[in-house]
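Peer 1: Following this line is structure25.cif, made up of mmCIF, C-alpha atoms:
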```cif
data_structure
loop_
_atom_site.label_atom_id
_atom_site.label_comp_id
_atom_site.auth_asym_id
_atom_site.auth_seq_id
_atom_site.Cartn_x
_atom_site.Cartn_y
_atom_site.Cartn_z
CA MET A 920 56.17 25.34 -0.59
CA THR A 921 55.90 26.83 2.92
CA ALA A 922 53.52 24.07 4.00
CA TYR A 923 55.77 21.47 2.42
CA MET A 924 58.83 22.72 4.29
CA ALA A 925 56.79 22.90 7.50
CA GLN A 926 55.95 19.23 7.08
CA TRP A 927 59.62 18.37 6.72
CA ALA A 928 60.45 20.45 9.78
CA MET A 929 57.82 18.51 11.75
CA ALA A 930 59.13 15.17 10.48
CA LEU A 931 62.71 15.99 11.47
CA LEU A 932 61.61 17.37 14.83
CA ILE A 933 59.65 14.20 15.59
CA TRP A 934 62.65 12.14 14.54
CA LEU A 935 64.93 14.12 16.84
CA HIS A 936 62.49 13.81 19.73
CA VAL A 937 62.18 10.04 19.37
CA ILE A 938 65.93 9.53 19.00
CA ALA A 939 66.69 11.66 22.06
CA ALA A 940 63.98 9.89 24.08
CA ILE A 941 65.31 6.45 23.12
CA ALA A 942 68.84 7.48 24.12
CA TRP A 943 67.67 8.98 27.43
CA ILE A 944 65.41 6.08 28.39
CA GLY A 945 67.99 3.52 27.30
CA GLU A 946 70.73 5.10 29.36
CA SER A 947 68.38 5.53 32.33
CA PHE A 948 67.26 1.89 32.19
CA TYR A 949 70.87 0.74 31.93
CA PHE A 950 71.99 2.63 35.03
CA VAL A 951 68.95 1.45 37.01
CA MET A 952 69.83 -2.12 36.01
CA LEU A 953 73.49 -1.52 36.89
CA ASP A 954 72.68 0.07 40.24
CA ASN A 955 70.34 -2.75 41.27
CA GLY A 956 72.59 -5.51 39.98
CA LEU A 957 75.78 -4.54 41.79
CA LYS A 958 77.50 -7.13 43.95
CA SER A 959 79.88 -6.51 46.82
CA PRO A 960 83.44 -6.40 45.42
CA ALA A 961 85.23 -9.70 45.76
CA GLU A 962 88.68 -8.21 46.16
CA ALA A 963 89.66 -6.63 49.46
CA GLU A 964 91.75 -4.05 47.60
CA ALA A 965 88.61 -2.76 45.84
CA ARG A 966 86.76 -2.46 49.13
CA GLU A 967 89.66 -0.54 50.58
CA ARG A 968 89.46 1.90 47.68
CA GLY A 969 85.84 2.60 48.59
CA VAL A 970 84.18 0.49 45.90
CA PHE A 971 80.59 -0.05 47.02
CA GLY A 972 79.61 -2.58 44.36
CA GLU A 973 80.64 -3.98 41.00
CA MET A 974 79.26 -5.85 38.03
CA TRP A 975 80.87 -7.93 35.31
CA SER A 976 79.02 -8.17 32.01
CA VAL A 977 79.61 -9.33 28.46
CA HIS A 978 78.34 -7.53 25.39
CA GLY A 979 79.39 -7.05 21.79
CA GLY A 980 82.23 -9.54 21.99
CA GLY A 981 83.89 -7.99 25.02
CA PHE A 982 83.82 -8.01 28.82
CA TYR A 983 82.97 -4.98 30.97
CA HIS A 984 83.76 -4.33 34.62
CA ALA A 985 81.66 -1.56 36.21
CA GLN A 986 82.33 -0.31 39.73
CA LYS A 987 80.35 2.08 41.89
CA TYR A 988 81.75 4.33 44.62
CA LEU A 989 79.08 5.16 47.18
CA VAL A 990 80.31 8.74 47.63
CA SER A 991 83.38 9.29 45.49
CA PRO A 992 86.62 7.73 44.30
CA ALA A 993 89.88 8.70 45.94
CA ARG A 994 90.94 10.64 42.85
CA MET A 995 88.79 12.60 40.44
CA PRO A 996 88.88 11.05 36.93
CA GLU A 997 89.83 13.42 34.12
CA ASP A 998 87.06 12.22 31.79
CA LEU A 999 83.69 12.15 33.59
CA HIS A 1000 80.47 11.28 31.77
CA TRP A 1001 77.36 13.33 32.66
CA SER A 1002 73.88 12.01 31.89
CA LYS A 1003 71.94 15.17 31.12
CA TRP A 1004 71.94 16.29 27.47
CA LYS A 1005 69.74 13.44 26.29
CA SER A 1006 67.13 14.49 28.84
CA TYR A 1007 67.30 18.16 27.89
CA THR A 1008 67.15 17.40 24.16
CA THR A 1009 64.13 15.16 24.66
CA TRP A 1010 62.23 17.85 26.55
CA LEU A 1011 63.19 20.74 24.26
CA SER A 1012 62.28 18.85 21.08
CA GLY A 1013 59.05 17.61 22.67
CA PHE A 1014 58.08 21.10 23.78
CA ALA A 1015 58.80 22.39 20.27
CA LEU A 1016 56.49 19.74 18.84
CA PHE A 1017 53.81 20.53 21.41
CA THR A 1018 54.05 24.22 20.55
CA VAL A 1019 53.77 23.72 16.79
CA MET A 1020 51.01 21.10 16.87
CA TYR A 1021 48.90 22.32 19.79
CA LEU A 1022 49.77 25.75 21.15
CA LEU A 1023 49.99 27.54 17.78
CA GLN A 1024 46.65 26.12 16.60
CA PRO A 1025 44.62 25.56 19.78
CA GLY A 1026 41.30 25.55 17.95
CA ILE A 1027 42.21 22.41 16.01
CA TYR A 1028 43.81 19.99 18.46
CA LEU A 1029 44.08 21.57 21.91
CA LEU A 1030 40.52 22.66 22.67
CA ASP A 1031 37.09 21.13 22.08
CA PRO A 1032 33.93 23.19 22.78
CA SER A 1033 32.05 20.00 23.63
CA VAL A 1034 34.47 19.47 26.56
CA ALA A 1035 34.85 23.05 27.79
CA ARG A 1036 34.30 26.44 26.20
CA ILE A 1037 37.67 28.09 26.70
CA ALA A 1038 39.14 31.01 24.76
CA PRO A 1039 42.22 30.00 22.73
CA GLY A 1040 44.58 32.23 24.70
CA LEU A 1041 43.32 30.91 28.02
CA GLY A 1042 43.58 27.35 26.72
CA VAL A 1043 47.24 27.85 25.77
CA ALA A 1044 47.95 29.37 29.19
CA ALA A 1045 46.23 26.43 30.90
CA ALA A 1046 48.29 23.92 28.91
CA LEU A 1047 51.53 25.69 29.85
CA GLY A 1048 50.29 25.92 33.42
CA PHE A 1049 49.95 22.14 33.56
CA LEU A 1050 53.65 21.78 32.82
CA LEU A 1051 54.74 24.40 35.35
CA VAL A 1052 52.28 23.64 38.15
CA GLY A 1053 52.77 19.92 37.59
CA TRP A 1054 56.43 20.25 38.51
CA VAL A 1055 55.83 22.65 41.42
CA VAL A 1056 53.23 20.43 43.11
CA TYR A 1057 55.35 17.32 42.61
CA ASP A 1058 58.41 19.07 44.06
CA VAL A 1059 56.40 20.24 47.08
CA LEU A 1060 55.20 16.68 47.68
CA CYS A 1061 58.77 15.38 47.55
CA ARG A 1062 59.95 18.00 50.03
CA ALA A 1063 56.98 17.38 52.34
CA PHE A 1064 57.28 13.58 52.49
CA GLY A 1065 61.08 13.40 52.37
CA ASP A 1066 62.36 9.84 52.74
CA ARG A 1067 58.92 8.31 53.36
CA ASP A 1068 58.95 6.78 49.91
CA LEU A 1069 55.79 4.66 50.15
CA ARG A 1070 53.62 7.55 51.29
CA LEU A 1071 55.23 9.81 48.72
CA GLY A 1072 54.54 7.27 45.98
CA VAL A 1073 50.87 7.08 46.94
CA ALA A 1074 50.62 10.88 47.06
CA ILE A 1075 52.18 11.20 43.59
CA ALA A 1076 49.83 8.54 42.20
CA VAL A 1077 46.79 10.39 43.60
CA TYR A 1078 48.13 13.67 42.25
CA VAL A 1079 48.59 12.25 38.74
CA GLY A 1080 45.03 10.91 38.86
CA ALA A 1081 43.69 14.33 39.85
CA ALA A 1082 45.69 15.99 37.08
CA ALA A 1083 44.28 13.49 34.56
CA PHE A 1084 40.74 14.31 35.71
CA ILE A 1085 41.27 18.06 35.34
CA SER A 1086 43.02 17.72 31.98
CA THR A 1087 40.26 15.59 30.43
CA HIS A 1088 37.68 18.17 31.56
CA LEU A 1089 39.57 21.14 30.08
CA PHE A 1090 41.15 20.03 26.82
CA ALA A 1091 40.24 18.05 23.74
CA PRO A 1092 40.43 14.33 24.59
CA GLN A 1093 43.47 13.65 22.45
CA ALA A 1094 45.33 16.67 23.82
CA ALA A 1095 44.37 15.87 27.42
CA PHE A 1096 46.29 12.59 27.41
CA LEU A 1097 49.29 14.18 25.73
CA ILE A 1098 49.37 17.00 28.28
CA ILE A 1099 49.53 14.52 31.16
CA GLY A 1100 52.44 12.80 29.42
CA ALA A 1101 54.12 16.16 28.85
CA MET A 1102 53.58 17.09 32.50
CA LEU A 1103 55.30 13.91 33.69
CA GLY A 1104 58.05 14.35 31.09
CA THR A 1105 58.60 17.89 32.36
CA ILE A 1106 58.87 16.57 35.92
CA MET A 1107 61.46 14.02 34.78
CA THR A 1108 63.64 16.60 33.03
CA ALA A 1109 63.21 19.08 35.90
CA ASN A 1110 64.42 16.36 38.26
CA VAL A 1111 67.56 16.06 36.17
CA PHE A 1112 68.07 19.83 35.88
CA PHE A 1113 67.22 20.94 39.43
CA TRP A 1114 68.21 17.95 41.56
CA ILE A 1115 70.22 15.17 39.96
CA ILE A 1116 72.87 17.19 38.11
CA PRO A 1117 73.25 19.92 40.80
CA GLY A 1118 73.72 17.22 43.45
CA GLN A 1119 76.37 15.56 41.37
CA ARG A 1120 78.10 18.89 40.75
CA LYS A 1121 78.29 19.54 44.50
CA MET A 1122 79.89 16.17 45.04
CA VAL A 1123 82.40 16.68 42.22
CA ALA A 1124 83.26 20.20 43.43
CA ALA A 1125 83.89 18.95 46.97
CA LEU A 1126 86.13 16.20 45.66
CA ALA A 1127 88.06 18.70 43.54
CA ARG A 1128 88.69 20.76 46.70
CA GLY A 1129 90.05 17.69 48.44
CA GLU A 1130 87.03 17.43 50.74
CA THR A 1131 84.82 14.45 51.49
CA PRO A 1132 81.56 15.03 49.58
CA ASP A 1133 78.32 15.37 51.49
CA PRO A 1134 76.27 12.28 50.54
CA LEU A 1135 72.91 14.05 51.03
CA PRO A 1136 72.73 15.74 47.57
CA GLY A 1137 73.49 12.40 45.95
CA LYS A 1138 70.84 10.70 48.06
CA ARG A 1139 68.20 13.25 47.08
CA GLY A 1140 69.18 13.03 43.43
CA LYS A 1141 68.92 9.24 43.64
CA GLN A 1142 65.35 9.53 44.93
CA ARG A 1143 64.37 11.72 41.95
CA SER A 1144 66.17 9.35 39.59
CA VAL A 1145 64.12 6.45 40.98
CA HIS A 1146 60.94 8.44 40.40
CA ASN A 1147 62.01 9.03 36.81
CA THR A 1148 62.33 5.32 36.12
CA TYR A 1149 58.76 4.69 37.33
CA PHE A 1150 57.44 7.60 35.26
CA THR A 1151 59.01 6.28 32.05
CA LEU A 1152 56.46 3.68 30.91
CA PRO A 1153 53.43 5.85 31.80
CA VAL A 1154 54.97 8.78 29.88
CA VAL A 1155 55.65 6.65 26.80
CA PHE A 1156 52.03 5.42 26.81
CA ALA A 1157 50.63 8.94 27.16
CA MET A 1158 52.88 10.32 24.41
CA LEU A 1159 51.66 7.59 22.03
CA SER A 1160 48.02 8.04 23.03
CA SER A 1161 47.02 10.02 19.94
CA HIS A 1162 46.60 6.59 18.32
CA PHE A 1163 44.24 5.33 21.05
CA GLY A 1164 40.90 6.90 20.11
CA MET A 1165 38.97 4.10 21.80
CA LEU A 1166 40.54 5.19 25.11
CA PHE A 1167 40.83 8.97 25.08
CA SER A 1168 37.30 9.42 23.68
CA HIS A 1169 35.67 7.48 26.54
CA PRO A 1170 33.67 9.60 29.05
CA ALA A 1171 35.73 8.21 31.94
CA SER A 1172 39.03 8.32 30.03
CA TRP A 1173 40.96 9.90 32.91
CA ILE A 1174 40.34 6.86 35.12
CA TYR A 1175 41.52 4.46 32.46
CA LEU A 1176 44.59 6.54 31.62
CA TRP A 1177 45.48 6.52 35.31
CA LEU A 1178 44.99 2.75 35.56
CA VAL A 1179 47.22 2.10 32.55
CA MET A 1180 49.86 4.37 34.08
CA VAL A 1181 49.69 2.44 37.36
CA ALA A 1182 50.05 -0.76 35.34
CA GLY A 1183 53.14 0.67 33.65
CA ALA A 1184 54.70 1.54 37.01
CA LEU A 1185 53.99 -1.98 38.34
CA ILE A 1186 55.60 -3.55 35.30
CA ARG A 1187 58.62 -1.28 35.66
CA GLN A 1188 58.92 -2.29 39.32
CA PHE A 1189 59.04 -5.93 38.24
CA PHE A 1190 62.14 -5.27 36.15
CA VAL A 1191 63.75 -3.15 38.86
CA LEU A 1192 63.40 -6.05 41.31
CA TRP A 1193 64.52 -8.51 38.64
CA HIS A 1194 67.86 -6.72 38.46
CA LYS A 1195 68.17 -7.19 42.22
CA GLY A 1196 67.74 -10.93 41.80
CA GLN A 1197 64.08 -10.99 42.87
CA ARG A 1198 61.27 -12.48 40.74
CA ASN A 1199 57.96 -10.97 41.84
CA PHE A 1200 55.65 -12.11 39.04
CA ALA A 1201 52.65 -10.75 40.90
CA LEU A 1202 53.65 -7.27 39.68
CA PRO A 1203 53.36 -7.86 35.90
CA VAL A 1204 50.28 -10.00 36.49
CA ALA A 1205 48.66 -7.14 38.41
CA GLY A 1206 49.63 -4.73 35.63
CA ALA A 1207 48.19 -7.06 33.00
CA VAL A 1208 44.95 -7.40 34.99
CA LEU A 1209 44.59 -3.61 35.14
CA ILE A 1210 45.14 -3.32 31.39
CA VAL A 1211 42.59 -6.09 30.68
CA LEU A 1212 40.08 -4.32 32.93
CA VAL A 1213 40.62 -1.13 30.92
CA ILE A 1214 40.22 -2.99 27.62
CA VAL A 1215 36.92 -4.46 28.81
CA ALA A 1216 35.69 -1.17 30.30
CA VAL A 1217 36.27 0.98 27.22
CA ALA A 1218 34.86 -1.54 24.77
CA PRO A 1219 31.29 -2.16 25.93
CA GLY A 1220 28.26 -2.28 23.66
CA ALA A 1221 28.58 1.46 23.03
CA MET A 1222 31.63 0.84 20.84
CA SER A 1223 30.34 -2.18 18.98
CA THR A 1224 26.76 -0.94 18.51
CA GLY A 1225 27.56 2.72 18.16
CA ALA A 1226 26.25 2.87 14.61
CA SER A 1227 22.90 1.33 15.59
CA ALA A 1228 22.47 3.63 18.59
CA GLU A 1229 23.30 6.80 16.67
CA ALA A 1230 21.24 5.79 13.63
CA ALA A 1231 18.02 5.15 15.54
CA GLY A 1232 16.46 8.45 14.51
CA VAL A 1233 17.39 8.33 10.81
CA GLN A 1234 14.71 7.28 8.36
CA GLY A 1235 15.14 5.73 4.94
CA ASN A 1236 17.92 3.89 3.19
CA VAL A 1237 21.05 6.02 3.40
CA THR A 1238 23.48 5.68 0.50
CA VAL A 1239 26.88 7.15 -0.17
CA ALA A 1240 25.25 9.85 -2.30
CA ARG A 1241 23.62 11.15 0.87
CA ILE A 1242 26.85 10.87 2.87
CA GLU A 1243 29.28 12.31 0.32
CA PRO A 1244 28.33 16.00 0.86
CA ILE A 1245 28.75 15.57 4.65
CA ILE A 1246 32.20 14.04 4.25
CA HIS A 1247 33.27 16.71 1.78
CA GLU A 1248 32.16 19.52 4.08
CA ARG A 1249 33.29 18.10 7.43
CA CYS A 1250 36.26 15.84 6.64
CA ALA A 1251 37.86 16.88 3.33
CA ALA A 1252 39.41 19.98 4.89
CA CYS A 1253 42.11 17.54 6.05
CA HIS A 1254 41.42 14.30 4.17
CA SER A 1255 41.75 15.43 0.59
CA ALA A 1256 44.30 15.59 -2.20
CA HIS A 1257 44.27 19.35 -1.64
CA PRO A 1258 43.40 19.92 2.06
CA THR A 1259 42.86 23.42 3.41
CA LEU A 1260 43.75 22.86 7.09
CA MET A 1261 47.11 21.16 6.57
CA ALA A 1262 49.73 20.49 3.94
CA SER A 1263 48.70 16.92 3.12
CA ALA A 1264 46.11 14.33 4.10
CA PRO A 1265 46.96 12.59 7.42
CA ASN A 1266 48.13 9.02 6.81
CA GLY A 1267 47.32 9.50 3.13
CA ILE A 1268 43.60 9.03 3.80
CA MET A 1269 41.48 10.98 1.28
CA PHE A 1270 37.73 11.30 0.78
CA ASP A 1271 37.58 13.03 -2.59
CA THR A 1272 35.47 10.36 -4.29
CA ALA A 1273 32.56 8.12 -3.34
CA ALA A 1274 34.80 5.08 -3.80
CA GLU A 1275 37.36 6.45 -1.32
CA ILE A 1276 34.61 7.18 1.18
CA ARG A 1277 33.11 3.68 0.89
CA SER A 1278 36.52 2.02 1.25
CA ARG A 1279 36.97 3.74 4.64
CA ALA A 1280 33.41 3.30 5.92
CA SER A 1281 34.36 1.37 9.07
CA LEU A 1282 37.11 3.84 9.92
CA ILE A 1283 34.77 6.80 9.44
CA GLU A 1284 32.18 5.16 11.70
CA GLN A 1285 34.76 4.39 14.36
CA GLN A 1286 36.26 7.89 14.48
CA ALA A 1287 33.22 10.10 13.73
CA VAL A 1288 30.42 8.09 15.37
CA SER A 1289 31.66 5.70 18.06
CA ALA A 1290 34.68 7.62 19.35
CA LYS A 1291 33.57 11.07 18.15
CA SER A 1292 37.25 11.99 17.97
CA MET A 1293 36.96 13.33 14.44
CA PRO A 1294 36.95 16.05 13.30
CA PRO A 1295 39.55 17.00 15.95
CA GLY A 1296 38.07 19.58 18.26
CA ASN A 1297 35.08 19.50 15.89
CA VAL A 1298 36.90 22.20 13.94
CA THR A 1299 34.52 21.79 10.96
CA HIS A 1300 31.39 21.80 13.15
CA ILE A 1301 29.91 18.45 12.25
CA THR A 1302 26.42 18.13 13.72
CA ARG A 1303 24.85 15.32 15.70
CA ARG A 1304 22.39 14.74 12.88
CA GLU A 1305 25.24 14.31 10.42
CA ARG A 1306 26.87 11.75 12.68
CA GLU A 1307 23.53 9.92 12.81
CA GLU A 1308 23.39 9.93 9.00
CA ILE A 1309 26.85 8.36 8.84
CA ALA A 1310 25.81 5.76 11.44
CA ALA A 1311 22.70 4.86 9.48
CA TRP A 1312 24.75 4.53 6.30
CA VAL A 1313 27.18 2.10 7.97
CA ARG A 1314 24.35 0.16 9.59
CA GLY A 1315 22.80 -0.27 6.17
CA GLY A 1316 25.96 -1.75 4.71
CA ALA A 1317 27.71 1.44 3.51
CA LYS A 1318 25.97 1.21 0.12
#
```
Do you think you could lay out the structure here as structure tokens?

Peer 2:
Amino acid sequence: MTAYMAQWAMALLIWLHVIAAIAWIGESFYFVMLDNGLKSPAEAEARERGVFGEMWSVHGGGFYHAQKYLVSPARMPEDLHWSKWKSYTTWLSGFALFTVMYLLQPGIYLLDPSVARIAPGLGVAAALGFLLVGWVVYDVLCRAFGDRDLRLGVAIAVYVGAAAFISTHLFAPQAAFLIIGAMLGTIMTANVFFWIIPGQRKMVAALARGETPDPLPGKRGKQRSVHNTYFTLPVVFAMLSSHFGMLFSHPASWIYLWLVMVAGALIRQFFVLWHKGQRNFALPVAGAVLIVLVIVAVAPGAMSTGASAEAAGVQGNVTVARIEPIIHERCAACHSAHPTLMASAPNGIMFDTAAEIRSRASLIEQQAVSAKSMPPGNVTHITRREREEIAAWVRGGAK
């Protein structure tokens, strides 16, 4: 019953995290679109009131008229909307998930002895360090480069690439990608907490005192907000990467993760410019080219002929009777009607019978032989010889 309730807690936590993330990203994308789509107010009266730009839109059977004041309106509105709680909820729920799935059981998903032999406690500290140090280094870069946005963008891109390299050489492949996504997500929420909201509070407080607000806090917050919009697509990809075994299991996975993230930023830039009335189709084309290059790079002969390569040293005709004991010992701890490492079989995949094993032969080969992403962290200590046996069995037709 405890395991059953834990599963429900995880399901609800994931649901909360996704809902909060959708709300945060949706609101963020809307305001970026609004900010870049503003037109100079047509009416002189609006300009006299300090309106910097406006937009008319139609949605849901009604018309909307949005106006932006560059510094502040003449009078403080009584009901002021703050865009912060969606960000905080996304990070808090995500960190709770990361803690339950990775930090509380580092030997299963977080660490892999074949990548680096790290004690569980040190591994947990390193994962937390990525989140903290990731923000500190990013913040230092922003302070150092100031308004030199192009140079700052290049520096941040190089920094993310370096972080991806270090992560993939410390943690289990699946966890390494997730940690980079969590690092960028932490930076995004920290931008909201430490820069965007405090800057807005200073402006509101000055207006409440009858003073003209200093535009600098708003300008700095705007810079961090712009960074957040370019981080969004890379973060979403990294947070979904547990499904991309063909990518995170590759020896040069950090390079390809970085390239996909760059592609995501280029595609996001296309939409940012689109809202300004510009159509730079070279940006999504460049992003698509990078993604195609990654697809080609991670799917060479090693992926398609993995079974033949691994099975080269196995003699004889391997049948399921020879494979069944290996699967029961190395895989059934999770993939069984009564697993011992978790409450229920992931995705409902079970290997209790020979028929179930044969029906999933290609999946077993893909995950245990080609990608070597299962068992996660090699928690059940499958051997190279056993992987070769599985490869030979698949090569022979999974009889």

Peer 1: Centre and edge lengths, as lines of an AutoDock Vina configuration file, for the axis-aligned box enclosing every listed atom of region 1102-1119 of chain A with 5 Å of padding on each of the six sides, in Å to one decimal?

Peer 2:
```
center_x = 65.0
center_y = 17.4
center_z = 37.3
size_x = 32.8
size_y = 17.0
size_z = 22.4
```

Peer 1: Name the residues that the PyMOL selection byres ((chain A and resi 1299) around 9) picks from the file above, as a PyMOL selection string, using the file's chain letters and numbers.

Peer 2: chain A and resi 1248-1250+1252+1294-1298+1300-1301

Peer 1: Name the residues that the PyMOL selection byres ((chain A and resi 1243) around 9) pulls out of this structure, and write them as a ChimeraX atom specification.

Peer 2: /A:1238-1242,1244-1248,1270-1273,1276

Peer 1: Distance CA of Ala1201 (chain A)-CA of Phe1189 (chain A), one decimal place?

Peer 2: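 Distance reported for this atom pair: 8.4 Å.
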
Peer 1: Determine the residue membership of the PyMOL selection byres ((chain A and resi 1015) around 12) for the file above and supply it as a VMD selection string.

Peer 2: chain A and resid 928 to 929 931 to 933 935 to 936 1008 to 1014 1016 to 1023 1101

Peer 1: Quick one: residues within 9 Å of Arg1279 (chain A), only C-alpha atoms counted, chain neighbours fewer than 4 positions away excluded, as a list in words?

Peer 2: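 Final neighbour list, sorted by chain and number: Ile1268, Phe1270, Ala1274, Glu1275, Ile1283 and Glu1284 of chain A.
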
Peer 1: Distance CA of Ala1109 (chain A)-CA of His1146 (chain A), one decimal place?

Peer 2: 11.8 Å

Peer 1: Could you give me, as a ChimeraX atom specification, the residues within 9 Å of Phe1112 (chain A), counting all atoms listed in the file and dropping anything in the same chain fewer than 3 positions from it?

Peer 2: /A:1003,1006-1007,1107-1109,1115-1117

Peer 1: Enter the distance from CA of Ser991 (chain A) to CA of Val970 (chain A), in Å, rounded to one decimal.

Peer 2: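 Result for CA of Ser991 (chain A) versus CA of Val970 (chain A): 8.8 Å, one decimal.
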
Peer 1: Determine, counting all atoms listed in the file, which protein, DNA and RNA residues have an atom within 12 Å of an atom of Val1155 (chain A); residues of the same chain fewer than 2 positions away are not included. Present the result as a PDB file with C-alpha atoms, in the frame of the given file.

Peer 2:
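out-v8.pdb, written as the output of this step:
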```pdb
ATOM      1  CA  VAL A 937      62.180  10.040  19.370  1.00  0.00           C
ATOM      2  CA  ALA A 940      63.980   9.890  24.080  1.00  0.00           C
ATOM      3  CA  ILE A 941      65.310   6.450  23.120  1.00  0.00           C
ATOM      4  CA  ILE A 944      65.410   6.080  28.390  1.00  0.00           C
ATOM      5  CA  PHE A1096      46.290  12.590  27.410  1.00  0.00           C
ATOM      6  CA  LEU A1097      49.290  14.180  25.730  1.00  0.00           C
ATOM      7  CA  ILE A1099      49.530  14.520  31.160  1.00  0.00           C
ATOM      8  CA  GLY A1100      52.440  12.800  29.420  1.00  0.00           C
ATOM      9  CA  ALA A1101      54.120  16.160  28.850  1.00  0.00           C
ATOM     10  CA  LEU A1103      55.300  13.910  33.690  1.00  0.00           C
ATOM     11  CA  GLY A1104      58.050  14.350  31.090  1.00  0.00           C
ATOM     12  CA  THR A1148      62.330   5.320  36.120  1.00  0.00           C
ATOM     13  CA  TYR A1149      58.760   4.690  37.330  1.00  0.00           C
ATOM     14  CA  PHE A1150      57.440   7.600  35.260  1.00  0.00           C
ATOM     15  CA  THR A1151      59.010   6.280  32.050  1.00  0.00           C
ATOM     16  CA  LEU A1152      56.460   3.680  30.910  1.00  0.00           C
ATOM     17  CA  PRO A1153      53.430   5.850  31.800  1.00  0.00           C
ATOM     18  CA  ALA A1157      50.630   8.940  27.160  1.00  0.00           C
ATOM     19  CA  MET A1158      52.880  10.320  24.410  1.00  0.00           C
ATOM     20  CA  LEU A1159      51.660   7.590  22.030  1.00  0.00           C
ATOM     21  CA  SER A1160      48.020   8.040  23.030  1.00  0.00           C
ATOM     22  CA  SER A1161      47.020  10.020  19.940  1.00  0.00           C
ATOM     23  CA  VAL A1179      47.220   2.100  32.550  1.00  0.00           C
ATOM     24  CA  MET A1180      49.860   4.370  34.080  1.00  0.00           C
ATOM     25  CA  GLY A1183      53.140   0.670  33.650  1.00  0.00           C
ATOM     26  CA  ALA A1184      54.700   1.540  37.010  1.00  0.00           C
TER      27      ALA A1184
END
```

Peer 1: Under the rule that all atoms listed in the file are counted, which of A:Ala1311, A:Leu1126, A:Leu1192, A:Ala1207 is the nearest residue to Gly956 (chain A)?

Peer 2: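 Going through A:Ala1311, A:Leu1126, A:Leu1192, A:Ala1207 one by one, the smallest distance to Gly956 (chain A) is for A:Leu1192.
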
Peer 1: Give the answer as one residue: which of A:Gln1188, A:Asn955, A:Ser1263, A:Ser1086 has the shortest atom-to-atom distance to Phe1049 (chain A), using all atoms listed in the file?

Peer 2: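 Result for the nearest residue to Phe1049 (chain A): A:Ser1086.
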